[in-house]
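Text of coords31.cif, listed as mmCIF, C-alpha atoms:
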```cif
data_final
loop_
_atom_site.label_atom_id
_atom_site.label_comp_id
_atom_site.auth_asym_id
_atom_site.auth_seq_id
_atom_site.Cartn_x
_atom_site.Cartn_y
_atom_site.Cartn_z
CA MET A 29 146.62 -99.46 -13.80
CA LEU A 30 148.76 -96.88 -15.53
CA PRO A 31 149.55 -93.72 -13.61
CA PHE A 32 147.37 -90.79 -14.63
CA GLY A 33 150.20 -89.03 -16.44
CA SER A 34 151.08 -92.09 -18.53
CA ARG A 35 147.45 -92.76 -19.35
CA LEU A 36 146.93 -89.17 -20.45
CA ALA A 37 150.01 -89.35 -22.64
CA ASP A 38 148.77 -92.58 -24.16
CA LEU A 39 145.37 -91.09 -24.99
CA ALA A 40 147.00 -87.98 -26.40
CA SER A 41 149.27 -90.11 -28.53
CA GLU A 42 146.32 -92.05 -29.94
CA TYR A 43 144.43 -88.86 -30.71
CA LEU A 44 147.39 -87.20 -32.36
CA PHE A 45 148.21 -90.33 -34.38
CA LEU A 46 144.71 -90.36 -35.88
CA ARG A 47 144.62 -86.60 -36.32
CA LEU A 48 147.99 -86.35 -38.02
CA ARG A 49 147.33 -89.24 -40.40
CA ARG A 50 144.75 -87.00 -42.08
CA THR A 51 147.46 -84.40 -42.71
CA GLY A 52 149.93 -86.94 -44.10
CA ILE A 53 152.26 -86.81 -41.10
CA SER A 54 153.26 -90.28 -39.84
CA LEU A 55 154.15 -91.13 -36.27
CA SER A 56 156.44 -94.08 -35.78
CA PRO A 57 155.17 -97.12 -33.79
CA SER A 58 158.74 -97.66 -32.65
CA MET A 59 158.75 -94.28 -30.94
CA SER A 60 157.78 -94.04 -27.29
CA VAL A 61 154.45 -92.60 -26.28
CA TYR A 62 156.12 -89.41 -25.15
CA GLU A 63 158.11 -89.09 -28.39
CA ASN A 64 154.92 -89.50 -30.41
CA VAL A 65 153.18 -86.86 -28.31
CA ALA A 66 156.09 -84.45 -28.64
CA THR A 67 156.24 -84.91 -32.41
CA GLY A 68 152.52 -84.38 -32.80
CA VAL A 69 152.41 -81.36 -30.55
CA TYR A 70 155.28 -79.82 -32.49
CA PHE A 71 153.51 -80.12 -35.83
CA LEU A 72 150.19 -78.96 -34.42
CA LEU A 73 151.64 -75.95 -32.66
CA VAL A 74 153.61 -74.54 -35.59
CA PRO A 75 150.56 -73.03 -37.33
CA VAL A 76 149.22 -71.84 -33.97
CA ILE A 77 152.49 -70.04 -33.20
CA LEU A 78 152.58 -68.50 -36.67
CA ALA A 79 148.99 -67.31 -36.38
CA TYR A 80 149.70 -65.86 -32.95
CA THR A 81 152.76 -64.01 -34.29
CA TRP A 82 150.75 -62.54 -37.17
CA ALA A 83 148.01 -61.50 -34.73
CA LEU A 84 150.59 -59.78 -32.53
CA GLN A 85 151.93 -57.88 -35.52
CA GLY A 86 148.43 -56.72 -36.35
CA THR A 87 147.83 -55.72 -32.75
CA TYR A 88 151.07 -53.72 -32.76
CA ARG A 89 149.97 -51.80 -35.83
CA ASP A 90 146.50 -51.25 -34.35
CA THR A 91 147.74 -49.98 -30.97
CA ALA A 92 151.01 -48.25 -31.85
CA GLN A 93 150.91 -44.46 -31.95
CA MET A 94 151.71 -43.07 -35.39
CA ILE A 95 153.34 -39.64 -35.55
CA ASP A 96 153.54 -37.84 -38.88
CA ILE A 97 156.84 -35.91 -38.85
CA THR A 98 156.35 -34.39 -42.32
CA VAL A 99 155.68 -30.66 -42.67
CA PRO A 100 152.75 -29.78 -44.98
CA MET A 101 153.74 -28.50 -48.41
CA ARG A 102 152.15 -25.05 -48.52
CA ALA A 103 152.71 -21.46 -49.57
CA GLY A 104 154.94 -19.70 -47.04
CA LEU A 105 156.95 -22.82 -46.19
CA PRO A 106 160.56 -21.77 -45.58
CA GLU A 107 162.96 -22.19 -48.48
CA PHE A 108 166.73 -22.16 -48.24
CA GLU A 109 168.10 -18.59 -48.33
CA SER A 110 164.69 -17.12 -49.22
CA PRO A 111 163.06 -14.35 -47.15
CA ASP A 112 159.66 -15.04 -48.72
CA GLY A 113 159.29 -18.81 -48.49
CA LEU A 114 157.47 -21.00 -50.99
CA PRO A 115 155.36 -18.82 -53.33
CA ASP A 116 151.66 -19.29 -53.98
CA SER A 117 152.56 -20.45 -57.49
CA TRP A 118 154.04 -23.72 -56.13
CA ARG A 119 150.71 -25.35 -57.10
CA THR A 120 148.54 -24.31 -60.00
CA LEU A 121 145.45 -25.85 -61.56
CA SER A 122 145.71 -26.59 -65.27
CA LYS A 123 142.15 -27.94 -65.29
CA ARG A 124 139.18 -26.87 -63.15
CA ILE A 125 135.78 -28.48 -62.74
CA LYS A 126 134.22 -25.06 -62.18
CA ASP A 127 135.61 -23.99 -65.56
CA GLY A 128 133.86 -26.88 -67.30
CA ASP A 129 136.67 -29.45 -67.17
CA HIS A 130 136.00 -33.05 -66.14
CA CYS A 131 138.43 -32.85 -63.20
CA ASN A 132 140.75 -30.66 -61.16
CA LEU A 133 144.40 -31.16 -62.18
CA SER A 134 147.27 -29.73 -60.11
CA GLU A 135 150.70 -28.91 -61.47
CA LEU A 136 153.57 -28.51 -59.00
CA LYS A 137 156.65 -26.31 -59.18
CA PHE A 138 159.22 -26.22 -56.39
CA CYS A 139 162.81 -27.18 -55.55
CA ALA A 140 163.49 -30.87 -54.85
CA HIS A 141 164.88 -29.79 -51.46
CA THR A 142 161.67 -28.13 -50.26
CA GLY A 143 159.93 -29.03 -46.99
CA THR A 144 160.59 -32.47 -45.55
CA HIS A 145 163.03 -33.99 -48.01
CA LEU A 146 166.04 -36.25 -48.61
CA ASP A 147 169.48 -35.60 -50.01
CA ALA A 148 171.21 -38.02 -52.37
CA PRO A 149 175.03 -38.16 -52.52
CA THR A 150 174.97 -36.33 -55.88
CA HIS A 151 173.68 -33.24 -54.06
CA PHE A 152 177.23 -32.36 -52.91
CA VAL A 153 179.47 -35.14 -54.30
CA ASP A 154 179.74 -34.58 -58.03
CA GLU A 155 181.67 -37.79 -58.72
CA SER A 156 178.97 -39.90 -57.04
CA GLN A 157 176.57 -41.91 -59.20
CA VAL A 158 173.98 -42.38 -56.40
CA THR A 159 170.82 -40.39 -57.08
CA ILE A 160 167.51 -40.37 -55.24
CA ALA A 161 166.22 -43.26 -57.38
CA ASP A 162 169.26 -45.35 -56.36
CA LEU A 163 168.95 -44.97 -52.59
CA ASP A 164 168.73 -48.12 -50.47
CA LEU A 165 165.27 -47.81 -48.89
CA ASP A 166 166.31 -50.13 -46.06
CA LYS A 167 168.30 -47.20 -44.68
CA LEU A 168 165.08 -45.20 -44.35
CA ASN A 169 162.77 -47.80 -42.82
CA GLY A 170 163.18 -49.59 -39.51
CA PRO A 171 164.17 -48.91 -35.89
CA VAL A 172 165.30 -45.35 -35.24
CA LEU A 173 166.75 -43.56 -32.24
CA VAL A 174 165.55 -40.02 -31.50
CA VAL A 175 167.88 -37.91 -29.34
CA GLU A 176 167.61 -34.29 -28.23
CA ALA A 177 170.56 -31.92 -28.36
CA PRO A 178 170.95 -29.46 -25.47
CA VAL A 179 169.08 -26.21 -26.06
CA GLU A 180 172.33 -24.28 -25.70
CA ALA A 181 173.93 -26.23 -28.59
CA THR A 182 174.11 -23.89 -31.59
CA THR A 183 176.09 -26.35 -33.72
CA LEU A 184 176.35 -30.15 -33.72
CA THR A 185 180.08 -30.42 -33.07
CA ALA A 186 182.02 -33.59 -32.25
CA GLU A 187 181.85 -32.60 -28.57
CA VAL A 188 178.06 -32.21 -28.66
CA MET A 189 177.61 -35.50 -30.53
CA LYS A 190 179.84 -37.42 -28.12
CA ALA A 191 177.80 -36.16 -25.16
CA LEU A 192 174.57 -37.56 -26.67
CA ASP A 193 175.72 -41.14 -25.85
CA ILE A 194 174.63 -42.61 -29.16
CA PRO A 195 175.11 -46.41 -29.22
CA PRO A 196 177.76 -47.25 -31.86
CA THR A 197 175.48 -49.81 -33.53
CA THR A 198 172.71 -47.23 -34.20
CA ARG A 199 171.70 -47.37 -37.89
CA ARG A 200 169.06 -44.64 -38.00
CA LEU A 201 169.21 -41.44 -35.99
CA ILE A 202 167.02 -38.34 -35.67
CA ILE A 203 168.31 -35.32 -33.76
CA LYS A 204 165.82 -32.92 -32.23
CA THR A 205 167.39 -29.49 -31.68
CA ARG A 206 166.33 -26.05 -30.58
CA ASN A 207 165.18 -25.55 -34.17
CA THR A 208 161.97 -27.26 -33.02
CA LYS A 209 161.55 -25.02 -29.96
CA ARG A 210 162.02 -22.01 -32.24
CA ASN A 211 159.39 -23.42 -34.63
CA LEU A 212 161.69 -22.73 -37.60
CA MET A 213 159.93 -25.06 -40.05
CA TYR A 214 156.81 -22.93 -39.61
CA MET A 215 158.53 -19.57 -40.08
CA THR A 216 158.42 -18.18 -43.62
CA ALA A 217 161.77 -16.35 -43.69
CA PHE A 218 164.91 -18.47 -43.88
CA ASP A 219 166.95 -18.35 -40.65
CA SER A 220 170.69 -18.97 -41.07
CA SER A 221 171.17 -19.41 -37.30
CA TYR A 222 169.60 -22.87 -37.40
CA VAL A 223 171.35 -25.79 -35.67
CA GLY A 224 173.19 -28.25 -37.92
CA PHE A 225 176.44 -30.21 -38.14
CA ASP A 226 179.86 -28.71 -38.48
CA GLU A 227 182.64 -30.73 -40.11
CA SER A 228 183.87 -32.22 -36.82
CA GLY A 229 180.39 -33.40 -35.80
CA ALA A 230 179.77 -35.01 -39.18
CA GLU A 231 183.15 -36.71 -39.07
CA TRP A 232 182.47 -38.00 -35.54
CA LEU A 233 179.14 -39.48 -36.63
CA VAL A 234 180.69 -41.28 -39.61
CA GLU A 235 183.64 -42.66 -37.66
CA ASN A 236 181.95 -43.64 -34.38
CA THR A 237 178.54 -45.02 -35.33
CA ALA A 238 176.87 -47.26 -37.90
CA VAL A 239 174.32 -44.54 -38.76
CA GLN A 240 173.01 -44.70 -42.34
CA MET A 241 170.07 -42.30 -41.98
CA ILE A 242 170.37 -38.99 -40.14
CA GLY A 243 167.37 -36.71 -39.62
CA ILE A 244 167.09 -33.13 -38.40
CA ASP A 245 164.45 -30.46 -37.78
CA TYR A 246 165.41 -27.78 -40.35
CA LEU A 247 166.17 -27.44 -44.03
CA SER A 248 169.80 -28.54 -43.85
CA ILE A 249 171.67 -31.23 -41.95
CA ALA A 250 174.77 -28.99 -42.14
CA SER A 251 175.05 -25.69 -40.31
CA TYR A 252 175.11 -22.60 -42.49
CA ALA A 253 178.78 -21.92 -41.75
CA PHE A 254 179.79 -25.50 -42.70
CA LEU A 255 177.28 -26.11 -45.46
CA LYS A 256 179.62 -27.83 -47.91
CA GLU A 257 182.07 -29.46 -45.49
CA ALA A 258 179.50 -31.25 -43.31
CA HIS A 259 177.36 -32.35 -46.27
CA VAL A 260 180.40 -33.80 -48.05
CA GLN A 261 181.48 -35.71 -44.92
CA LEU A 262 178.06 -37.35 -44.60
CA LEU A 263 177.23 -37.89 -48.27
CA LYS A 264 180.64 -39.33 -49.18
CA ALA A 265 179.95 -41.99 -46.55
CA GLU A 266 176.51 -42.47 -48.16
CA LEU A 267 174.55 -41.49 -45.07
CA VAL A 268 171.11 -40.29 -46.10
CA PRO A 269 170.15 -36.90 -44.62
CA VAL A 270 166.44 -36.42 -43.96
CA GLU A 271 165.85 -32.70 -43.52
CA GLY A 272 162.94 -30.46 -42.56
CA LEU A 273 161.34 -32.84 -40.04
CA ASP A 274 158.50 -31.73 -37.76
CA LEU A 275 159.51 -33.04 -34.32
CA ARG A 276 157.17 -30.97 -32.15
CA GLU A 277 155.25 -34.04 -30.96
CA VAL A 278 158.29 -36.32 -30.68
CA SER A 279 160.13 -37.13 -27.44
CA PRO A 280 163.55 -38.80 -27.28
CA GLY A 281 163.41 -42.59 -27.46
CA LEU A 282 163.17 -45.59 -29.75
CA TYR A 283 160.70 -45.66 -32.62
CA THR A 284 160.11 -47.29 -35.99
CA VAL A 285 160.55 -44.92 -38.92
CA HIS A 286 159.07 -45.14 -42.41
CA CYS A 287 160.39 -42.58 -44.87
CA LEU A 288 159.91 -42.78 -48.64
CA PRO A 289 161.09 -40.34 -51.32
CA LEU A 290 159.68 -40.03 -54.81
CA LYS A 291 161.60 -42.24 -57.25
CA LEU A 292 163.00 -39.37 -59.33
CA HIS A 293 165.49 -40.60 -61.91
CA GLY A 294 168.74 -38.63 -61.79
CA ALA A 295 167.59 -36.28 -59.02
CA ASP A 296 169.83 -35.11 -56.14
CA GLY A 297 166.90 -34.64 -53.74
CA SER A 298 163.24 -35.38 -53.24
CA PRO A 299 160.33 -34.45 -50.99
CA CYS A 300 159.32 -37.38 -48.80
CA ARG A 301 156.68 -38.51 -46.33
CA CYS A 302 158.05 -39.60 -42.95
CA ILE A 303 156.20 -41.21 -40.07
CA LEU A 304 157.19 -42.70 -36.73
CA TYR A 305 155.57 -45.57 -34.84
CA GLN A 306 156.01 -45.71 -31.07
#
```
When written as structure tokens, how does the structure in this file appear?
Amino acid sequence: MLPFGSRLADLASEYLFLRLRRTGISLSPSMSVYENVATGVYFLLVPVILAYTWALQGTYRDTAQMIDITVPMRAGLPEFESPDGLPDSWRTLSKRIKDGDHCNLSELKFCAHTGTHLDAPTHFVDESQVTIADLDLDKLNGPVLVVEAPVEATTLTAEVMKALDIPPTTRRLIIKTRNTKRNLMYMTAFDSSYVGFDESGAEWLVENTAVQMIGIDYLSIASYAFLKEAHVQLLKAELVPVEGLDLREVSPGLYTVHCLPLKLHGADGSPCRCILYQ
């Protein structure tokens, strides 16, 4: 009498041999019982593993917390160097149902760098050929690290950046600053005391990390005093600044980011919609 284990393997082999013949997969008679079983199990488990992986991906999407980090486009939204913010005329209706038209039809008028938006290299690097429509979207979608600068940091200098302990392999980075605590993206008047990079901080980021996307919680990635210098450092290296983020509900940590600009041919900037998954 065969031991129980051998008998079970033999029965399994017979079953798999008959089962797999229907799928066109042949088991070799010269192979041992255990080899036949292993081969059959392999081919039967592949679709099971794939299905399980797909199910897990669906479960992740169903259970992951989504955080919208885009500020609403609205009248009164802060605009760079404006005391009055975005005017009411940013959106007008050229057709109205109540006026007898078949539909309502909005027309929009605002700067490409309004609200939550992206910069293309052509924004500050005149010799660049990379516009918003040319950006590599892979830079804007995938794992992202969110860090928080100390509340006393008024500028993102090389010293401040070094203290944040950013892993050198980080590809996407969002920096939460005291701009968020001050609620600057919800204040109408432009505030030039916002936190942003100086030239040394931008240079440190380019030289010490693999960052390709850099996000911040006010209208400019560069501090007001280093507006040109810091932008040029980042954009010459083709880092993509994502500016005007709403980080009030975001804690430091690892997330997945999805950020998509409008595909505006020739444009140096574009509003975008950004979300995080935790």
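If only C-alpha atoms are the atoms counted, then among A:Lys204, A:Glu187, A:Val174, A:Ile160 the closest residue to Glu266 (chain A) is A:Ile160.
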Discussion item. Under the PyMOL selection byres ((chain A and resi 299-306) around 8), which residues of this model are included? Write them out as a PyMOL selection string.
Written reply: chain A and resi 92-98+140-146+282-290+297-298
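Using all atoms listed in the file for every distance, the candidate list A:Lys137, A:Val175, A:Tyr214, A:Ser122 yields A:Val175 as the residue closest to Ser279 (chain A).
Taking CA of Leu184 (chain A) and CA of Lys256 (chain A) as endpoints, the distance between them is 14.7 Å.
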Find the smallest box with edges along x, y and z containing every listed atom of region 93-98 of chain A, then add 3 Å on each side and report centre and edge lengths in Å to one decimal, as lines of an AutoDock Vina configuration file.
```
center_x = 153.9
center_y = -39.4
center_z = -37.1
size_x = 11.9
size_y = 16.1
size_z = 16.4
```
Practice prompt. Write out as a ChimeraX atom specification each polymer residue whose atoms come within 10 Å of Leu133 (chain A), counting all atoms listed in the file; drop sequence neighbours fewer than 6 positions from it.
Written response: /A:119-125
Practice prompt. Determine the residue membership of the PyMOL selection byres ((chain A and resi 241) around 9) for the file above and supply it as a ChimeraX atom specification.
Written response: /A:167-168,172,199-202,239-240,242-243,266-270
File dump, residues just selected, C-alpha atoms, as a tab-separated table (two decimals), in the frame of the given file:
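result.tsv written:
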```tsv
chain	number	residue	atom	x	y	z
A	167	LYS	CA	168.30	-47.20	-44.68
A	168	LEU	CA	165.08	-45.20	-44.35
A	172	VAL	CA	165.30	-45.35	-35.24
A	199	ARG	CA	171.70	-47.37	-37.89
A	200	ARG	CA	169.06	-44.64	-38.00
A	201	LEU	CA	169.21	-41.44	-35.99
A	202	ILE	CA	167.02	-38.34	-35.67
A	239	VAL	CA	174.32	-44.54	-38.76
A	240	GLN	CA	173.01	-44.70	-42.34
A	242	ILE	CA	170.37	-38.99	-40.14
A	243	GLY	CA	167.37	-36.71	-39.62
A	266	GLU	CA	176.51	-42.47	-48.16
A	267	LEU	CA	174.55	-41.49	-45.07
A	268	VAL	CA	171.11	-40.29	-46.10
A	269	PRO	CA	170.15	-36.90	-44.62
A	270	VAL	CA	166.44	-36.42	-43.96
```
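Nearest to Gly229 (chain A) of all the residues A:Val153, A:Ala148, A:Leu105, A:Leu192 is A:Leu192, counting only C-alpha atoms.
Relative to CA of Ala177 (chain A), CA of Met215 (chain A) is found at 20.8 Å.
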Worksheet item: With only C-alpha atoms as the atoms that count, which of A:Ala265, A:Leu273, A:Val223, A:Val188 lies nearest to Ala253 (chain A)?
Response: A:Val223
Fill in: Within 12 Å of Glu109 (chain A) using all atoms listed in the file, minus same-chain residues under 4 positions, as a list in words
Gly113, Leu114, Thr142, Thr216, Ala217, Phe218, Asp219, Ser220, Ser221, Tyr222, Leu247, Ser248 and Tyr252 of chain A
Output of the above residues as a PDB file, in the coordinates of the input, restricted to C-alpha atoms:
```pdb
ATOM      1  CA  GLY A 113     159.290 -18.810 -48.490  1.00  0.00           C
ATOM      2  CA  LEU A 114     157.470 -21.000 -50.990  1.00  0.00           C
ATOM      3  CA  THR A 142     161.670 -28.130 -50.260  1.00  0.00           C
ATOM      4  CA  THR A 216     158.420 -18.180 -43.620  1.00  0.00           C
ATOM      5  CA  ALA A 217     161.770 -16.350 -43.690  1.00  0.00           C
ATOM      6  CA  PHE A 218     164.910 -18.470 -43.880  1.00  0.00           C
ATOM      7  CA  ASP A 219     166.950 -18.350 -40.650  1.00  0.00           C
ATOM      8  CA  SER A 220     170.690 -18.970 -41.070  1.00  0.00           C
ATOM      9  CA  SER A 221     171.170 -19.410 -37.300  1.00  0.00           C
ATOM     10  CA  TYR A 222     169.600 -22.870 -37.400  1.00  0.00           C
ATOM     11  CA  LEU A 247     166.170 -27.440 -44.030  1.00  0.00           C
ATOM     12  CA  SER A 248     169.800 -28.540 -43.850  1.00  0.00           C
ATOM     13  CA  TYR A 252     175.110 -22.600 -42.490  1.00  0.00           C
TER      14      TYR A 252
END
```
